[in-house]
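Asks: Here you go, upload_20.txt (compact mmCIF, C-alpha atoms and all ligand atoms):
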```txt
# COMPACT_ATOMS: atom_id res chain seq x y z
CA MET A 293 0.00 0.00 0.00
CA ALA A 294 1.29 3.49 -0.79
CA GLU A 295 2.27 5.45 2.28
CA GLU A 296 1.18 9.04 2.60
CA GLY A 297 3.79 11.58 1.52
CA THR A 298 5.88 9.19 -0.52
CA GLY A 299 3.50 7.87 -3.18
CA THR A 300 4.72 4.41 -4.15
CA TYR A 301 8.38 5.38 -3.80
CA PRO A 302 10.86 4.28 -1.12
CA LYS A 303 10.58 6.19 2.13
CA LEU A 304 13.73 8.27 2.49
CA LYS A 305 14.88 10.30 5.47
CA LEU A 306 14.77 14.07 5.15
CA SER A 307 17.33 16.36 6.81
CA VAL A 308 16.24 19.97 7.13
CA VAL A 309 19.04 22.45 7.89
CA ILE A 310 17.94 25.76 9.40
CA PRO A 311 20.60 28.48 9.79
CA THR A 312 19.77 31.01 12.50
CA ARG A 313 21.16 34.33 13.60
CA ASN A 314 18.90 36.24 15.98
CA GLU A 315 15.62 34.63 14.93
CA ALA A 316 13.94 34.43 18.35
CA LYS A 317 10.71 35.89 16.96
CA ASN A 318 10.53 33.28 14.19
CA ILE A 319 12.28 30.04 15.10
CA GLY A 320 9.61 28.72 17.48
CA HIS A 321 6.85 29.08 14.86
CA CYS A 322 9.15 27.71 12.20
CA LEU A 323 9.95 24.52 14.17
CA ALA A 324 6.31 24.03 15.19
CA ARG A 325 5.08 24.39 11.60
CA LEU A 326 7.73 22.08 10.19
CA THR A 327 7.27 19.40 12.81
CA SER A 328 3.51 19.40 12.37
CA ALA A 329 3.67 19.19 8.55
CA LEU A 330 6.28 16.42 8.50
CA GLN A 331 4.53 14.37 11.17
CA GLN A 332 1.20 14.68 9.39
CA LYS A 333 2.77 13.23 6.24
CA PHE A 334 4.69 10.54 8.17
CA ILE A 335 7.98 11.75 6.70
CA PRO A 336 11.04 10.41 8.53
CA HIS A 337 13.12 13.46 9.30
CA GLU A 338 15.64 15.35 11.38
CA ILE A 339 15.88 19.11 11.80
CA LEU A 340 19.32 20.63 12.38
CA VAL A 341 19.33 24.22 13.59
CA VAL A 342 22.74 25.82 13.06
CA ASP A 343 23.04 28.95 15.16
CA SER A 344 25.83 31.51 15.03
CA GLU A 345 25.74 32.56 18.69
CA SER A 346 22.49 34.49 18.55
CA SER A 347 22.13 36.94 21.40
CA ASP A 348 18.33 37.19 21.43
CA GLY A 349 17.35 33.85 22.98
CA THR A 350 17.07 31.87 19.73
CA ARG A 351 18.99 28.89 21.16
CA GLU A 352 16.88 28.77 24.32
CA ILE A 353 13.74 28.51 22.20
CA VAL A 354 15.31 25.76 20.08
CA GLN A 355 16.30 23.92 23.26
CA ARG A 356 12.69 23.93 24.45
CA HIS A 357 11.63 22.33 21.16
CA ILE A 358 14.44 19.77 21.47
CA ASN A 359 13.09 18.79 24.89
CA ALA A 360 9.75 18.02 23.22
CA SER A 361 11.08 16.33 20.05
CA HIS A 362 14.06 14.08 19.52
CA HIS A 363 14.00 14.96 15.80
CA ILE A 364 15.55 18.38 16.42
CA ARG A 365 19.26 19.11 17.00
CA LEU A 366 21.12 22.32 17.71
CA ILE A 367 24.61 23.07 16.43
CA THR A 368 26.19 26.19 17.89
CA LEU A 369 28.88 28.09 16.02
CA LYS A 370 30.84 31.24 16.85
CA ARG A 371 29.16 34.59 16.35
CA ASP A 372 30.59 35.74 13.03
CA THR A 373 30.61 32.46 11.18
CA GLY A 374 28.26 33.55 8.36
CA LEU A 375 25.46 31.78 6.51
CA GLY A 376 27.78 29.76 4.26
CA THR A 377 29.78 28.35 7.17
CA ALA A 378 26.55 27.54 9.03
CA LEU A 379 25.10 25.63 6.07
CA LYS A 380 28.36 23.75 5.44
CA GLU A 381 28.52 22.71 9.09
CA GLY A 382 24.89 21.54 8.97
CA PHE A 383 25.50 19.59 5.73
CA SER A 384 28.53 17.85 7.28
CA GLN A 385 26.38 16.52 10.14
CA VAL A 386 23.22 15.35 8.34
CA ALA A 387 22.11 11.73 8.61
CA GLY A 388 19.31 11.85 6.05
CA ASP A 389 19.14 10.72 2.41
CA MET A 390 18.33 14.24 1.26
CA VAL A 391 19.01 17.75 2.55
CA VAL A 392 16.87 20.86 2.33
CA PRO A 393 18.09 24.24 3.64
CA PHE A 394 15.08 25.98 5.20
CA MET A 395 15.12 29.62 6.33
CA ALA A 396 14.12 30.40 9.91
CA ASP A 397 12.18 33.56 9.07
CA LEU A 398 9.08 31.72 7.79
CA SER A 399 9.75 32.68 4.18
CA ASP A 400 9.59 29.09 2.92
CA SER A 401 6.49 26.92 2.90
CA GLU A 402 6.23 23.52 4.54
CA GLU A 403 3.84 22.32 1.79
CA ASP A 404 6.60 23.02 -0.74
CA LEU A 405 9.04 21.13 1.50
CA VAL A 406 6.79 18.06 1.24
CA THR A 407 6.77 18.41 -2.58
CA ILE A 408 10.60 18.59 -2.63
CA TYR A 409 10.68 15.46 -0.47
CA GLN A 410 8.34 13.62 -2.84
CA LYS A 411 10.38 14.62 -5.90
CA ILE A 412 13.60 13.24 -4.42
CA CYS A 413 11.78 10.05 -3.42
CA GLU A 414 10.73 9.81 -7.09
CA GLY A 415 14.42 9.67 -8.02
CA TYR A 416 15.60 13.22 -8.71
CA ASP A 417 18.97 14.24 -7.26
CA VAL A 418 18.31 17.97 -7.13
CA VAL A 419 15.01 19.82 -6.89
CA TYR A 420 15.39 23.40 -8.06
CA THR A 421 12.71 25.74 -6.84
CA ASN A 422 11.36 28.77 -8.68
CA ARG A 423 9.21 31.54 -7.25
CA PHE A 424 8.76 33.15 -10.67
CA ILE A 425 7.19 30.41 -12.78
CA GLN A 426 3.52 29.49 -13.03
CA GLY A 427 2.30 28.36 -9.62
CA GLY A 428 5.06 30.23 -7.76
CA LYS A 429 4.52 33.34 -5.69
CA VAL A 430 6.37 36.04 -3.75
CA VAL A 431 4.76 38.23 -1.12
CA HIS A 432 6.39 41.36 0.38
CA TYR A 433 9.60 41.01 -1.62
CA PRO A 434 11.56 44.30 -1.35
CA ARG A 435 11.40 46.00 -4.77
CA VAL A 436 15.12 46.71 -5.28
CA LYS A 437 16.07 43.24 -4.15
CA LEU A 438 13.48 41.75 -6.50
CA CYS A 439 14.87 43.69 -9.48
CA LEU A 440 18.43 42.65 -8.69
CA ASN A 441 17.31 39.08 -8.19
CA ARG A 442 15.65 38.85 -11.61
CA ILE A 443 18.57 40.47 -13.47
CA PHE A 444 21.21 38.38 -11.68
CA ASN A 445 19.37 35.08 -12.03
CA LYS A 446 18.62 35.58 -15.72
CA LEU A 447 22.25 36.47 -16.44
CA VAL A 448 23.46 33.41 -14.54
CA ALA A 449 21.03 31.18 -16.46
CA LEU A 450 22.30 32.59 -19.77
CA LEU A 451 25.97 32.39 -18.81
CA PHE A 452 25.83 28.77 -17.68
CA SER A 453 22.99 27.62 -19.98
CA VAL A 454 21.01 26.52 -16.95
CA PRO A 455 17.25 26.20 -17.54
CA PHE A 456 16.38 27.47 -14.02
CA THR A 457 16.04 31.15 -13.21
CA ASP A 458 15.75 31.29 -9.43
CA MET A 459 19.05 29.84 -8.34
CA THR A 460 19.62 32.21 -5.41
CA ASN A 461 16.75 30.98 -3.26
CA ALA A 462 18.36 28.71 -0.64
CA PHE A 463 15.27 26.51 -0.34
CA LYS A 464 16.07 23.58 -2.67
CA GLY A 465 16.43 19.83 -2.30
CA TYR A 466 19.68 17.88 -2.68
CA ARG A 467 20.25 14.15 -2.48
CA THR A 468 22.88 13.75 0.24
CA ILE A 469 25.25 11.60 -1.87
CA LEU A 470 25.42 14.37 -4.47
CA LEU A 471 25.75 17.14 -1.89
CA LYS A 472 28.69 15.43 -0.21
CA LYS A 473 30.58 15.40 -3.52
CA ILE A 474 30.42 19.19 -3.82
CA ASN A 475 33.35 21.23 -2.55
CA LEU A 476 31.77 24.37 -1.10
CA LYS A 477 34.03 27.33 -0.31
CA SER A 478 31.74 30.25 0.54
CA ASP A 479 31.41 31.40 4.14
CA GLY A 480 28.67 33.96 3.59
CA PHE A 481 25.44 34.43 1.63
CA GLU A 482 27.28 33.84 -1.65
CA ILE A 483 26.90 30.11 -0.92
CA LEU A 484 23.36 30.61 -2.23
CA ILE A 485 24.72 30.85 -5.78
CA GLU A 486 27.74 28.56 -5.31
CA LEU A 487 25.71 25.57 -4.10
CA PRO A 488 23.04 25.33 -6.83
CA LEU A 489 25.56 26.04 -9.59
CA LYS A 490 28.02 23.42 -8.36
CA ALA A 491 25.13 20.97 -7.93
CA TRP A 492 24.27 21.57 -11.59
CA PHE A 493 27.83 20.80 -12.65
CA ALA A 494 27.96 17.74 -10.38
CA GLY A 495 25.55 16.02 -12.77
CA GLY A 496 22.62 13.91 -11.68
CA SER A 497 18.95 14.33 -12.43
CA PHE A 498 17.14 17.61 -11.92
CA THR A 499 13.64 18.92 -11.74
CA GLN A 500 12.04 22.26 -10.97
CA ILE A 501 8.97 23.07 -8.90
CA PRO A 502 7.16 26.36 -8.29
CA VAL A 503 7.30 27.58 -4.67
CA LYS A 504 5.83 30.33 -2.55
CA TRP A 505 8.00 32.83 -0.67
CA MET A 506 6.89 35.23 2.04
CA GLY A 507 8.92 38.28 3.12
CA ARG A 508 9.88 38.26 6.78
CA LYS A 509 7.44 39.90 9.21
CA GLU A 510 9.67 39.71 12.30
CA GLY A 511 13.36 40.14 12.99
CA ALA A 512 16.03 41.85 10.92
CA SER A 513 17.36 40.85 7.51
CA LYS A 514 21.03 39.89 7.38
CA PHE A 515 21.18 40.23 3.60
CA HIS A 516 22.95 43.45 2.54
CA TRP A 517 23.08 43.45 -1.24
CA VAL A 518 25.61 46.29 -1.61
CA ARG A 519 28.14 44.37 0.47
CA LEU A 520 27.22 41.01 -1.02
CA ALA A 521 27.05 41.86 -4.75
CA PRO A 522 30.85 41.65 -5.31
CA ARG A 523 30.98 38.32 -3.49
CA TYR A 524 28.18 36.87 -5.64
CA LEU A 525 29.94 38.07 -8.79
CA LYS A 526 33.26 36.59 -7.64
CA VAL A 527 31.67 33.18 -7.07
CA VAL A 528 30.09 33.28 -10.53
CA ALA A 529 33.41 34.30 -12.12
CA ASP A 530 35.30 31.53 -10.26
CA ILE A 531 32.84 28.84 -11.29
CA TYR A 532 32.73 30.12 -14.87
CA THR A 533 36.51 30.06 -15.25
CA HIS A 534 36.74 26.53 -13.83
CA ALA A 535 33.67 25.06 -15.59
N1 LIG A 601 23.89 30.53 11.42
C1 LIG A 601 23.74 31.67 10.72
N2 LIG A 601 22.57 31.92 10.10
C2 LIG A 601 22.45 33.08 9.41
C3 LIG A 601 23.51 34.03 9.30
N3 LIG A 601 23.06 35.06 8.53
C4 LIG A 601 21.79 34.78 8.19
N4 LIG A 601 21.41 33.60 8.74
C5 LIG A 601 20.12 32.92 8.61
O1 LIG A 601 19.93 32.67 7.23
C6 LIG A 601 18.55 32.82 6.88
C7 LIG A 601 18.44 33.87 5.77
O2 LIG A 601 18.79 35.15 6.30
P1 LIG A 601 17.85 36.43 6.03
O3 LIG A 601 18.33 37.54 6.89
O4 LIG A 601 16.43 36.02 6.16
O5 LIG A 601 18.23 36.75 4.52
P2 LIG A 601 17.24 37.04 3.35
O6 LIG A 601 16.17 36.00 3.33
O7 LIG A 601 18.02 37.21 2.12
O8 LIG A 601 16.67 38.44 3.80
P3 LIG A 601 15.13 38.85 4.06
O9 LIG A 601 14.60 39.25 2.74
O10 LIG A 601 15.11 39.95 5.03
O11 LIG A 601 14.44 37.65 4.62
C8 LIG A 601 17.83 33.17 8.18
O12 LIG A 601 17.33 31.98 8.73
C9 LIG A 601 18.94 33.77 9.03
O13 LIG A 601 18.70 33.66 10.42
C10 LIG A 601 24.73 33.72 9.97
O14 LIG A 601 25.69 34.49 9.96
N5 LIG A 601 24.79 32.54 10.66
MG MG A 602 14.87 35.77 4.82
```
Translate this structure into structure tokens?
Replies:
Amino acid sequence: MAEEGTGTYPKLKLSVVIPTRNEAKNIGHCLARLTSALQQKFIPHEILVVDSESSDGTREIVQRHINASHHIRLITLKRDTGLGTALKEGFSQVAGDMVVPFMADLSDSEEDLVTIYQKICEGYDVVYTNRFIQGGKVVHYPRVKLCLNRIFNKLVALLFSVPFTDMTNAFKGYRTILLKKINLKSDGFEILIELPLKAWFAGGSFTQIPVKWMGRKEGASKFHWVRLAPRYLKVVADIYTHA
């Protein structure tokens, strides 16, 4: 009999990696929503929260959720480790068959997470997400950031002949065997272009799904595009020259 959430495919274990830096207003809701959605679908899972020494009580909230669920783990890093370092540390400790980075600020949807899970169970190695294709949606996306996103992503797609135009959204699915083969160097937000591009060049089978994205309502953004633009461009140039 088919089991819910997996169709007729083998039941794989999902590892969700959540990077956090001062997300006390979001992380509790995020963990509650994820846990409820994954339990409802009977999806075997673990949730790794990777925190860079938040000073607002984020880790205390995570600890309370850990006391109530053995599926959640907390990895604590030093304060200025950056998003890239946090994701790499999380990836190095996963025990699941697939890995999905999930943002703590409630921007990603747990229904879409279930779809990513199902696609990897179907046999895909990477599930690229796209907020800008039919069925996708963005709400409260800052206008300047949106413009830069569309220009950058379309240029990257052209440059590398990649058929996906929303590479910079962290929320994607990777089969763990493929992810472990990728040598990631970025310590900051620029990992969000390095990872999907290197996954593309790693080979494997790919698919794309539309996803919803909601701008954060609580807490402060850590994404500063003026500071990050040169780093994104450097990653693209490095990958292009070595491809
Ligand atoms: N561990 C860790 N997590 C981080 C760091 N910087 C950002 N994050 C987390 O990475 C995720 C994405 O950061 P955001 O600030 O939401 O970046 P963004 O989504 O581009 O910006 P918004 O549009 O404001 O949401 C969030 O879960 C952050 O808490 C960091 O230095 N260390
Ligand atoms: Mg965000």
Asks: Please indicate the distance in Å from atom CA of Trp505 of chain A to atom CA of Ser399 of chain A, rounded to one decimal place.
Replies: 5.2 Å
Asks: Would you give me, as CSV, each residue of chain A having an atom within 7 Å of an atom of ligand LIG 601 (chain A), along with its shortest atom pair and that distance in Å to one decimal, using all atoms listed in the file and sorting by chain and residue number?
Replies:
```
residue,atom,partner,partner_atom,distance
A:Ile310,CA,A:LIG601,O12,6.3
A:Pro311,CA,A:LIG601,N2,4.0
A:Thr312,CA,A:LIG601,O13,3.5
A:Arg313,CA,A:LIG601,O13,4.1
A:Asn314,CA,A:LIG601,O13,6.1
A:Glu315,CA,A:LIG601,O13,5.5
A:Val342,CA,A:LIG601,N1,5.1
A:Asp343,CA,A:LIG601,N1,4.1
A:Ser344,CA,A:LIG601,N1,4.2
A:Asp372,CA,A:LIG601,O14,5.9
A:Thr373,CA,A:LIG601,O14,5.5
A:Gly374,CA,A:LIG601,O14,3.2
A:Leu375,CA,A:LIG601,C10,4.0
A:Ala378,CA,A:LIG601,N1,4.7
A:Met395,CA,A:LIG601,O12,4.0
A:Ala396,CA,A:LIG601,O12,3.8
A:Asp397,CA,A:LIG601,O12,5.4
A:Ser399,CA,A:LIG601,O11,6.8
A:Tyr433,CA,A:LIG601,O9,6.9
A:Gly507,CA,A:LIG601,O11,5.8
A:Arg508,CA,A:LIG601,O11,5.1
A:Ala512,CA,A:LIG601,O10,6.3
A:Ser513,CA,A:LIG601,O10,3.5
A:Lys514,CA,A:LIG601,O3,3.6
A:Phe515,CA,A:LIG601,O7,4.6
```
Asks: Near segment 437-449 of chain A, within 10 Å and counting all atoms listed in the file, which residues show up once chain neighbours fewer than 4 positions away are dropped, as a list in words?
Replies: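 Once the adjacent positions are removed, what remains is Phe424, Val430, His432, Tyr433, Ser453, Val454, Pro455, Phe456, Thr457, Asp458, Met459, Thr460, Asn461, Ile485, Leu489, Phe515, His516, Trp517, Ala521, Tyr524, Leu525, Val528 and Tyr532 of chain A.
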Asks: Which value, in Å to one decimal, gives the distance between atom CA of Lys305 of chain A and atom CA of Val419 of chain A?
Replies: 15.6 Å
Asks: Do you know which residues are at most 9 Å from Ala494 of chain A counting all atoms listed in the file, after dropping those on the same chain fewer than 2 positions away, and could you put them as a VMD selection string?
Replies: chain A and resid 470 to 471 473 to 474 489 to 492 496
Asks: Which residues are close to Phe383 of chain A, i.e. within 12 Å by all atoms listed in the file, leaving aside same-chain residues fewer than 2 positions away? Reply as a CSV table (one decimal) with C-alpha atoms, keeping the file's coordinate frame.
Replies:
```
chain,number,residue,atom,x,y,z
A,307,SER,CA,17.3,16.4,6.8
A,308,VAL,CA,16.2,20.0,7.1
A,309,VAL,CA,19.0,22.4,7.9
A,310,ILE,CA,17.9,25.8,9.4
A,311,PRO,CA,20.6,28.5,9.8
A,339,ILE,CA,15.9,19.1,11.8
A,340,LEU,CA,19.3,20.6,12.4
A,341,VAL,CA,19.3,24.2,13.6
A,342,VAL,CA,22.7,25.8,13.1
A,367,ILE,CA,24.6,23.1,16.4
A,376,GLY,CA,27.8,29.8,4.3
A,377,THR,CA,29.8,28.4,7.2
A,378,ALA,CA,26.6,27.5,9.0
A,379,LEU,CA,25.1,25.6,6.1
A,380,LYS,CA,28.4,23.8,5.4
A,381,GLU,CA,28.5,22.7,9.1
A,385,GLN,CA,26.4,16.5,10.1
A,386,VAL,CA,23.2,15.4,8.3
A,387,ALA,CA,22.1,11.7,8.6
A,388,GLY,CA,19.3,11.8,6.0
A,389,ASP,CA,19.1,10.7,2.4
A,390,MET,CA,18.3,14.2,1.3
A,391,VAL,CA,19.0,17.8,2.6
A,392,VAL,CA,16.9,20.9,2.3
A,393,PRO,CA,18.1,24.2,3.6
A,466,TYR,CA,19.7,17.9,-2.7
A,467,ARG,CA,20.2,14.2,-2.5
A,468,THR,CA,22.9,13.8,0.2
A,469,ILE,CA,25.2,11.6,-1.9
A,470,LEU,CA,25.4,14.4,-4.5
A,471,LEU,CA,25.8,17.1,-1.9
A,472,LYS,CA,28.7,15.4,-0.2
A,473,LYS,CA,30.6,15.4,-3.5
A,474,ILE,CA,30.4,19.2,-3.8
A,475,ASN,CA,33.4,21.2,-2.6
A,476,LEU,CA,31.8,24.4,-1.1
A,487,LEU,CA,25.7,25.6,-4.1
```
Asks: Using all atoms listed in the file, which of A:Leu323, A:Ala535, A:Val431, A:Ile408 sits nearest Ile358 of chain A?
Replies: A:Leu323
Asks: For each of A:Phe394, A:Phe493, A:Tyr416, A:Phe452, take the minimum atom-to-atom distance to ligand MG 602 (chain A), counting all atoms listed in the file, then give the residue where this is smallest.
Replies: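 The shortest atom-to-atom distance to ligand MG 602 (chain A) comes from A:Phe394.
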Asks: Taking only C-alpha atoms and all ligand atoms into account, which of A:Ile531, A:Leu398, A:Val406, A:Leu369 comes nearest ligand MG 602 (chain A)?
Replies: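 Answer, going by the shortest atom-to-atom distance: A:Leu398.
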Asks: A:His362, A:Asp400, A:Tyr420, A:Lys411: which is nearest ligand MG 602 (chain A), counting only C-alpha atoms and all ligand atoms?
Replies: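 When distances to ligand MG 602 (chain A) are compared using only C-alpha atoms and all ligand atoms, the smallest one comes from A:Asp400.
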Asks: Any idea what's packed within 8 Å of segment 351-355 of chain A, counting only C-alpha atoms, ignoring anything in its chain fewer than 2 positions away? Could you give it as a PyMOL selection string?
Replies: chain A and resi 316+319-320+341+343+346+349+357-359+366
Asks: Please dump the current selection as a PDB file, in the coordinates of the input; keep C-alpha atoms.
Replies:
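out-v8.pdb, written as the output of this step:
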```pdb
ATOM      1  CA  ALA A 316      13.940  34.430  18.350  1.00  0.00           C
ATOM      2  CA  ILE A 319      12.280  30.040  15.100  1.00  0.00           C
ATOM      3  CA  GLY A 320       9.610  28.720  17.480  1.00  0.00           C
ATOM      4  CA  VAL A 341      19.330  24.220  13.590  1.00  0.00           C
ATOM      5  CA  ASP A 343      23.040  28.950  15.160  1.00  0.00           C
ATOM      6  CA  SER A 346      22.490  34.490  18.550  1.00  0.00           C
ATOM      7  CA  GLY A 349      17.350  33.850  22.980  1.00  0.00           C
ATOM      8  CA  HIS A 357      11.630  22.330  21.160  1.00  0.00           C
ATOM      9  CA  ILE A 358      14.440  19.770  21.470  1.00  0.00           C
ATOM     10  CA  ASN A 359      13.090  18.790  24.890  1.00  0.00           C
ATOM     11  CA  LEU A 366      21.120  22.320  17.710  1.00  0.00           C
TER      12      LEU A 366
END
```
